[in-house]
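Undergrad: Next up is a structure, given as C-alpha cells.
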Amino acid sequence: MARTRGVTIHDVARRAGVSIAAVSMALNDTGTLSAATRLRVRAVAEEMEYQADALARGLRRSSVGAIGLVMRSLDSLGEYAPRGVDVFARLMGAMSSQAMDRGLSVMLVPDPTRRPTPPLALSLDGYIVSLPLVDDPVLELFRRRGIPYVTLNRDPSRPEFTDWAAEDDVSLLGKVLDHFAGAGARSVVLVCGTDANAWNIDAQDAYRSWCARRGIEPRIHPVPEGAGEPGGEGVAREIVKAGTPDAVLCLTGRHAAGVLTGLTDLGVRVPDQTMIATGSDSEHTRHSRPAISAIELNPIATASAALDLLQARIAGEPSAGPVLTDARFRVRASTRPGLREARRDVSG
C-alpha cells in the first residue's frame, strides 16, 4: 500500500494564509506574531496532523522496520495495565516476540488521534489495531494518511474490509452456550460490555440466535468494561431481581468474577443454582472460588495471523483475510453442578 506524502510546512502555510516563517514562529513560540495568528496557525497544523520533526519527516519516506500496535479496548478503559487482566499483556508479548523473529520492532501506541501524538507514530511502516470501534477515528486517521493497517477482530463499520484476524468468537461462544444447555440450563443471561466493537456486537447476535433456536427468551445486561468487578456485582443484583437464571455468560473475566461475588452475597449457589462462564480468561477467573469456566484466547496464533496480513498489506499484496484462529474453552467448577451435587451426596 503506497504511503501518501506527508504534510509539509508549505501546506500548513498555504492553508493558514501565512508565510512559512510565520508557521515556524507559531509552532516554536518565537517571533512577534499576534496571539490570534499564533493560535490559528497551531490549530491548522494540528488539524492537518503536521509533524515538524525532521527525523519523522525522513522516516515517513522509507521503511523503518517497526510497526505500531494500538489497543482500543485499553484506550477506552483509560488504563493500560488493568489489574488481573493478563490477556492484553499476553497479546502484546506474543506480538512483540513474533515481530522480532521477522526482523520487526513493535511500538505500543496509545490512541494516535489524541494530542499530542507521539512524534514517530505516523512514521511507522504499518499498524495492528485491536478491537476497533464503530466509525473508529484511529482507522480513519490511517486511511487518510495512507498508513497500512490490519485489525484484530473485524471493523464493525466496514463489512467489506477483510484484513483482520481473530479467534472464532461466534463458534467459541456457541460452545459455551451449548455446554450450559448440556448441563441442564434452560435460562441463560448474557453480560456484555458497552464498547461499540465487533466482540460485543457479534456476541449479542450469536447469543440472540442461539436463544431463538432453543426457544429461550434472551436477557442481555450491558455493563461498561471499566466498571470491572464492582460492575459485575451490581449487575448480579439486577439479574436476580428479574429472576435467577440457570446460567450467566459474561464476556469479560472481571465482570464474571464480580457476578460470582454478587450472586454469592445474594445467597445464590454457584454452580448448583446458577452456572457462570466467561469469554475471556483472566487471573480473576482462575483464582475465583469456584474457579470460573472460561475461553482461553490464543494470542500466539492470532498475532501470527495479524502479522502475516500486515506484512502482505505493506507489500501491496492481495488480502488473505479474514483469518479465524481457534481457542480453548476451559471447563472449571463454576459450570459443573452435577459434580458438586455428587460430592455433596458422597459427603452426606
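Ordering of the C-alpha cells sets the chain letters (A, B, ...); residue numbers start at 1 within each chain; ligands are numbered from 1 in the order shown.
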Using 10 Å as the limit and counting only C-alpha atoms, can you tabulate each residue of stretch 119-178 of chain A that touches stretch 244-256 of chain A, with its shortest atom-to-atom distance in Å and the two atoms involved, as CSV?

TA:
```
residue,atom,partner,partner_atom,distance
A:Leu173,CA,A:Leu249,CA,8.8
A:Val176,CA,A:Leu249,CA,8.1
A:Leu177,CA,A:Leu249,CA,7.9
```

Undergrad: Do you know which residues are at most 7 Å from A:Met71 counting only C-alpha atoms, after dropping those on the same chain fewer than 3 positions away, and could you put them as a PyMOL selection string?

TA: chain A and resi 74-75+129-130

Undergrad: Nearest to A:Gly174: which of A:Ala196, A:Ala35, A:Ala203, A:Leu122 is it, counting only C-alpha atoms?

TA: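 Closest residue, counting only C-alpha atoms: A:Ala203.
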
Undergrad: Tell me which protein, DNA and RNA residues are within 9 Å of A:Arg38, counting only C-alpha atoms, leaving out same-chain ones fewer than 4 positions away, and put them as a list of chain:residue names.

TA: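 The residues satisfying every condition are A:Ala22, A:Val23, A:Met25, A:Ala26, A:Leu27, A:Asp29, A:Leu33, A:Ser34, A:Arg42, A:Ala43.
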
Undergrad: May I have the residues from that selection written out with C-alpha atoms, as a PDB file, in the first residue's frame?

TA:
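Written output follows (selection32.pdb):
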```pdb
ATOM      1  CA  ALA A  22       5.097  32.629  10.414  1.00  0.00           C
ATOM      2  CA  VAL A  23       4.296  28.916  10.711  1.00  0.00           C
ATOM      3  CA  MET A  25       7.340  31.105  14.674  1.00  0.00           C
ATOM      4  CA  ALA A  26       3.849  29.970  15.694  1.00  0.00           C
ATOM      5  CA  LEU A  27       4.892  26.358  16.272  1.00  0.00           C
ATOM      6  CA  ASP A  29       6.604  30.043  20.068  1.00  0.00           C
ATOM      7  CA  LEU A  33       3.096  37.119  15.839  1.00  0.00           C
ATOM      8  CA  SER A  34      -0.168  38.168  17.424  1.00  0.00           C
ATOM      9  CA  ARG A  42      -1.340  25.977  15.522  1.00  0.00           C
ATOM     10  CA  ALA A  43      -4.959  24.923  15.022  1.00  0.00           C
TER      11      ALA A  43
END
```

Undergrad: Identify all residues of stretch 41-290 of chain A in helix (DSSP H, G or I) (DSSP on the backbone) and supply them as a PyMOL selection string.

TA: chain A and resi 41-47+54-60+72-77+87-101+121-123+137-145+169-182+198-214+225-241+253-265+283-287

Undergrad: Between atom CA of A:Glu225 and atom CA of A:Pro299, measure the distance and give it in Å to one decimal.

TA: 20.2 Å

Undergrad: Just the number, please: distance in Å from atom CA of A:Thr8 to atom CA of A:Glu47, one decimal.

TA: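 The value is 12.9 Å.
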
Undergrad: Taking 2 positions as the minimum chain separation for residues in the same chain, which residues sit within 9 Å of stretch 14-21 of chain A when counting only C-alpha atoms? Answer as a VMD selection string.

TA: chain A and resid 9 to 12 23 to 26 37 40 to 41 44 to 45

Undergrad: Find the residues around A:Leu104 up to 7 Å (only C-alpha atoms counted), leave out those fewer than 2 positions away in its own chain, and share them as a PDB file with all heavy atoms, in the first residue's frame.

TA:
```
ATOM      1  N   GLY A  65      11.330  -0.441   9.669  1.00  0.00           N
ATOM      2  CA  GLY A  65      11.422  -1.755  10.301  1.00  0.00           C
ATOM      3  C   GLY A  65      10.674  -1.840  11.613  1.00  0.00           C
ATOM      4  O   GLY A  65      11.029  -2.635  12.485  1.00  0.00           O
ATOM      5  N   ALA A  66       9.643  -1.019  11.763  1.00  0.00           N
ATOM      6  CA  ALA A  66       8.863  -1.011  13.004  1.00  0.00           C
ATOM      7  C   ALA A  66       7.388  -0.825  12.678  1.00  0.00           C
ATOM      8  O   ALA A  66       7.019  -0.119  11.737  1.00  0.00           O
ATOM      9  CB  ALA A  66       9.334   0.104  13.928  1.00  0.00           C
ATOM     10  N   ALA A  99       7.137 -10.544  16.036  1.00  0.00           N
ATOM     11  CA  ALA A  99       7.615  -9.490  15.140  1.00  0.00           C
ATOM     12  C   ALA A  99       9.142  -9.477  15.105  1.00  0.00           C
ATOM     13  O   ALA A  99       9.747  -9.311  14.029  1.00  0.00           O
ATOM     14  CB  ALA A  99       7.077  -8.137  15.593  1.00  0.00           C
ATOM     15  N   MET A 100       9.773  -9.658  16.264  1.00  0.00           N
ATOM     16  CA  MET A 100      11.230  -9.676  16.307  1.00  0.00           C
ATOM     17  C   MET A 100      11.792 -10.817  15.466  1.00  0.00           C
ATOM     18  O   MET A 100      12.829 -10.665  14.810  1.00  0.00           O
ATOM     19  CB  MET A 100      11.705  -9.786  17.758  1.00  0.00           C
ATOM     20  CG  MET A 100      11.470  -8.518  18.572  1.00  0.00           C
ATOM     21  SD  MET A 100      11.877  -8.711  20.324  1.00  0.00           S
ATOM     22  CE  MET A 100      13.656  -8.929  20.234  1.00  0.00           C
ATOM     23  N   ARG A 102      10.653 -11.753  12.816  1.00  0.00           N
ATOM     24  CA  ARG A 102      10.503 -11.322  11.420  1.00  0.00           C
ATOM     25  C   ARG A 102      11.361 -10.090  11.111  1.00  0.00           C
ATOM     26  O   ARG A 102      11.216  -9.482  10.048  1.00  0.00           O
ATOM     27  CB  ARG A 102       9.039 -11.001  11.129  1.00  0.00           C
ATOM     28  CG  ARG A 102       8.097 -12.180  11.325  1.00  0.00           C
ATOM     29  CD  ARG A 102       6.651 -11.729  11.338  1.00  0.00           C
ATOM     30  NE  ARG A 102       5.733 -12.798  11.674  1.00  0.00           N
ATOM     31  CZ  ARG A 102       4.746 -13.239  10.884  1.00  0.00           C
ATOM     32  NH1 ARG A 102       4.543 -12.657   9.719  1.00  0.00           N
ATOM     33  NH2 ARG A 102       3.957 -14.221  11.256  1.00  0.00           N
ATOM     34  N   VAL A 106       8.143  -3.552  17.543  1.00  0.00           N
ATOM     35  CA  VAL A 106       6.755  -3.163  17.792  1.00  0.00           C
ATOM     36  C   VAL A 106       6.746  -1.981  18.744  1.00  0.00           C
ATOM     37  O   VAL A 106       7.397  -2.005  19.789  1.00  0.00           O
ATOM     38  CB  VAL A 106       5.937  -4.324  18.393  1.00  0.00           C
ATOM     39  CG1 VAL A 106       4.532  -3.852  18.765  1.00  0.00           C
ATOM     40  CG2 VAL A 106       5.852  -5.477  17.407  1.00  0.00           C
TER      41      VAL A 106
END
```

Undergrad: From the options A:Thr30, A:Thr335, A:Ser73, A:Thr151, which residue's atoms come nearest to A:Thr302, counting only C-alpha atoms?

TA: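 Checking each candidate against A:Thr302, we get A:Thr151 as the closest.
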